[in-house]
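Only one structure is covered here, and it is reproduced in the block below.
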Number of protein chains: 2
Amino acid sequence: MRQASTFNLKQYLQDRAQEVDQALEVYLAPDVNSLGPIVEAMRYSVFPGGKRFRPVLALAACEALGCERSRAMAVACAFELIHCFSLVHDDLPCMDNDDERRGRPTNHKVYGEDVALLAGDGLSLWAFEVAMLSPDDLSASTLRALVRELVAASGHPGMVGGQVIDLAAQKTGQIDGPQLKKIHAAKTGALIRGAVRCGAIVAGASPEQLRQLTIYGEKIGLVFQITDDILDHLEDPEAVSYPALYGLDESRKMATEAVQEALTNLESFGPGAEPLRALATYLLTRTT
Amino acid sequence: MRQASTFNLKQYLQDRAQEVDQALEVYLAPDVNSLGPIVEAMRYSVFPGGKRFRPVLALAACEALGCERSRAMAVACAFELIHCFSLVHDDLPCMDNDDERRGRPTNHKVYGEDVALLAGDGLSLWAFEVAMLSPDDLSASTLRALVRELVAASGHPGMVGGQVIDLAAQKTGQIDGPQLKKIHAAKTGALIRGAVRCGAIVAGASPEQLRQLTIYGEKIGLVFQITDDILDHLEDPEAVSYPALYGLDESRKMATEAVQEALTNLESFGPGAEPLRALATYLLTRTT
């Protein structure tokens, strides 16, 4: 195992999240004119933000390749908008029917189900406009790649498809380990993987670099989910989860191994990859 | 007024709709593997199709500039997927709560509200993947333009935003003529306008050609809405509509004038614009 880094991850995460917040304020500014109502409902579920985990990953992947992270800001924010859209739709009565999120009433509790549905739609569509604010010097094939990554991560091949498989699995009530892994890889993993990949793509990653960062993204997506499950398991031991299926010890071991694989795939990267390394290790020990 | 054309519009519309259907069959093929359930739900609301009005407009706009219409097929189908997504979400219980569409149970009646919501999301996102199947020789700036047109037409600056304004207006119950026009311009007009523009953009329209085709698109969008309202008015005279606000005669006059303006803006175009011309005239007299 590599030695503990002196890198200050906490400060890095705070600073990057703040940069993302500032960019989102520009990309999704309040509209005081005709479109006021829907923009207000869209902004309600974007601000104030959480950890901005997905966009920060995109910025860190860009930096890992020795590139100015600002180049990845637009596509990073596109991933955050997709994430926010998914939360709005997830909370709707026909889905998880949640009344609260991050200590506030959910979007539909404030604006009504109809407006919340449309605000979610608006956020998902606006993500593509924001992605198009990526640097002017990107080639046509890079732009195509960014759009495709966004769709693959968020659409039916990724997040949205994973949710449908999850719904089907919950109805049958029978989920085994491989199936749980598959559901999570699509439902939450695809956005994390896609954010890392897009950060790398705008930085001009070589195919080999992209391959390694993709594995990194997949592995930390898995760690993210396992540690999430471990945290939730203490509250709800009955829920289908890694600890429920594999036990707490084995789940922790799986997470540790995944972090190791993530780090192995960063070995050829220089000091610019320190944030990505620190992030992977941090995910193992996070408590919130 | 120009002389009646001998152009066979009915045949043209049939042939183009068939081409669109064939392309959509490829762009959204059945997935018999892991993503089966959501793809089935997505396809349910795409096939069998209706008139494929928006994609046919994109193809016709491309042809009006003397360009092979196949160049516009991908972006044309992207607009159809956006249209289908909007129908799925519109039919949901929290919106119009419709049980039937085109003589069949609506998506959520067949697959449940949760899957229908996600299938709609999947269709809207997949539209961007399909748009990226546009010809390889498009420049980066043209690709950016296509994505932005799609977002502007479908997102909060267009369709989705128009729906929220409509909901708000319906709640107050007070809608005047200018407001009705504004709602429709966003809610239904933006997609029609956007489809025409994208067909023109892939054909390499000059700024002046794009300007004229944009007016054409706006005008036929208006005609489409007025004639829709006239058809509905006979069944529901109480609903807020052009005939309810302006009377039947004045509404018909407004539609006729809009068609005239649409045709005026096609005067500098050659015989390739015959389908667009015939379409504008046809909209005035349609009965379904």
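Residue names in the structure tokens use chain letters A, B, ... in the order shown, residue numbers from 1 in each chain, and ligand numbers from 1 in the order shown.
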**OP:** Name all residues at most 10 Å from segment 51-53 of chain B (count only C-alpha atoms; drop same-chain ones fewer than 4 positions away) and give them as a ChimeraX atom specification.
**Re:** /B:13-14,16-21,46,57-58,76-77,79-80,83,192,195,279
Sorted per-residue table, chain A near chain B, closest atoms and distance, 6 Å, only C-alpha atoms, as a Markdown table:
```
| residue | atom | partner | partner_atom | distance |
| --- | --- | --- | --- | --- |
| A:Cys94 | CA | B:Asp114 | CA | 5.4 |
| A:Met95 | CA | B:Asp114 | CA | 5.6 |
| A:Glu113 | CA | B:Cys94 | CA | 5.9 |
| A:Asp114 | CA | B:Cys94 | CA | 5.4 |
| A:Gly122 | CA | B:Gly155 | CA | 5.0 |
| A:Leu125 | CA | B:Gly155 | CA | 5.5 |
| A:Glu129 | CA | B:Arg148 | CA | 5.7 |
| A:Ser139 | CA | B:Ala140 | CA | 5.7 |
| A:Ala140 | CA | B:Ala140 | CA | 3.9 |
| A:Arg148 | CA | B:Glu129 | CA | 5.7 |
| A:Val151 | CA | B:Leu125 | CA | 5.8 |
| A:Gly155 | CA | B:Gly122 | CA | 5.0 |
| A:His156 | CA | B:Gly122 | CA | 5.2 |
```
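For the choices B:Pro275, B:Gly194, B:Pro48, B:Pro243, the atom-to-atom distance to Gln225 of chain B is smallest for B:Pro243 when using only C-alpha atoms.
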Subject >> Which residue of A:Leu9, A:Ala200, A:Ile226, A:Leu276 approaches Leu245 of chain A most closely, using only C-alpha atoms >> reply: A:Ile226
**OP:** Give the alpha helix (DSSP H) residues of segment 30-72 of chain A, as assigned by DSSP on the backbone, as a list in words.
**Re:**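 These are the residues in question: Gly36, Pro37, Ile38, Val39, Glu40, Ala41, Met42, Arg43, Tyr44, Phe53, Arg54, Pro55, Val56, Leu57, Ala58, Leu59, Ala60, Ala61, Cys62, Glu63 and Ala64 of chain A.
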**OP:** Once DSSP has gone over the backbone, tell me which residues of segment 3-201 of chain A are in strand (DSSP E), as a ChimeraX atom specification.
**Re:** /A:100-101,104-105
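Among the candidates B:Pro30, B:Gly177, B:Gly221, B:Gly272, the residue lying nearest to Gly189 of chain B is B:Gly221 (atoms considered: only C-alpha atoms).
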**OP:** For segment 233-236 of chain B, work out the shell of residues within 12 Å, counting only C-alpha atoms and skipping chain neighbours fewer than 3 positions away, then give it as a count of residues only.
**Re:** 18
Within 9 Å of Gly66 of chain B, counting only C-alpha atoms, which residues qualify if same-chain residues fewer than 4 places away don't, as a PDB file with N, CA and C atoms, in the first residue's frame?
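Contents of the output file selection10.pdb:
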```pdb
ATOM      1  N   CYS B  62     -34.421  20.294 -45.210  1.00  0.00           N
ATOM      2  CA  CYS B  62     -33.123  19.900 -45.772  1.00  0.00           C
ATOM      3  C   CYS B  62     -33.225  19.843 -47.297  1.00  0.00           C
ATOM      4  N   ALA B 203     -28.137  21.041 -43.665  1.00  0.00           N
ATOM      5  CA  ALA B 203     -28.021  21.275 -45.113  1.00  0.00           C
ATOM      6  C   ALA B 203     -27.105  22.456 -45.411  1.00  0.00           C
ATOM      7  N   GLY B 270     -36.081  27.270 -54.364  1.00  0.00           N
ATOM      8  CA  GLY B 270     -36.403  26.637 -55.636  1.00  0.00           C
ATOM      9  C   GLY B 270     -37.471  25.574 -55.520  1.00  0.00           C
ATOM     10  N   PRO B 271     -37.548  24.708 -56.516  1.00  0.00           N
ATOM     11  CA  PRO B 271     -38.562  23.646 -56.521  1.00  0.00           C
ATOM     12  C   PRO B 271     -38.388  22.660 -55.369  1.00  0.00           C
ATOM     13  N   GLY B 272     -37.190  22.593 -54.792  1.00  0.00           N
ATOM     14  CA  GLY B 272     -36.961  21.700 -53.652  1.00  0.00           C
ATOM     15  C   GLY B 272     -37.822  22.047 -52.455  1.00  0.00           C
ATOM     16  N   ALA B 273     -38.339  23.287 -52.442  1.00  0.00           N
ATOM     17  CA  ALA B 273     -39.168  23.713 -51.307  1.00  0.00           C
ATOM     18  C   ALA B 273     -40.642  23.388 -51.505  1.00  0.00           C
TER      19      ALA B 273
END
```
Original post:
What lies within 9 Å of Leu263 of chain B using only C-alpha atoms, ignoring chain neighbours under 6 positions off, as a list in words?
Top reply: Arg2, Tyr216, Leu276, Arg277, Ala280 and Thr281 of chain B
Subject >> Computed interatomic separation between atom CA of Ala258 of chain A and atom CA of Val223 of chain A (Å) >> reply: 6.4 Å
**OP:** May I ask which of the residues A:Lys219, A:Lys181, A:Gly50, A:Ala78 is the closest one to Gln260 of chain A, counting only C-alpha atoms?
**Re:**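 The shortest atom-to-atom distance to Gln260 of chain A comes from A:Lys219.
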Subject >> A:Leu24, A:Leu283, A:Val56, A:Ala64 ranked by distance to Leu81 of chain A, top pick (using only C-alpha atoms) >> reply: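 Ranking A:Leu24, A:Leu283, A:Val56, A:Ala64 by distance to Leu81 of chain A, first place goes to A:Leu24.
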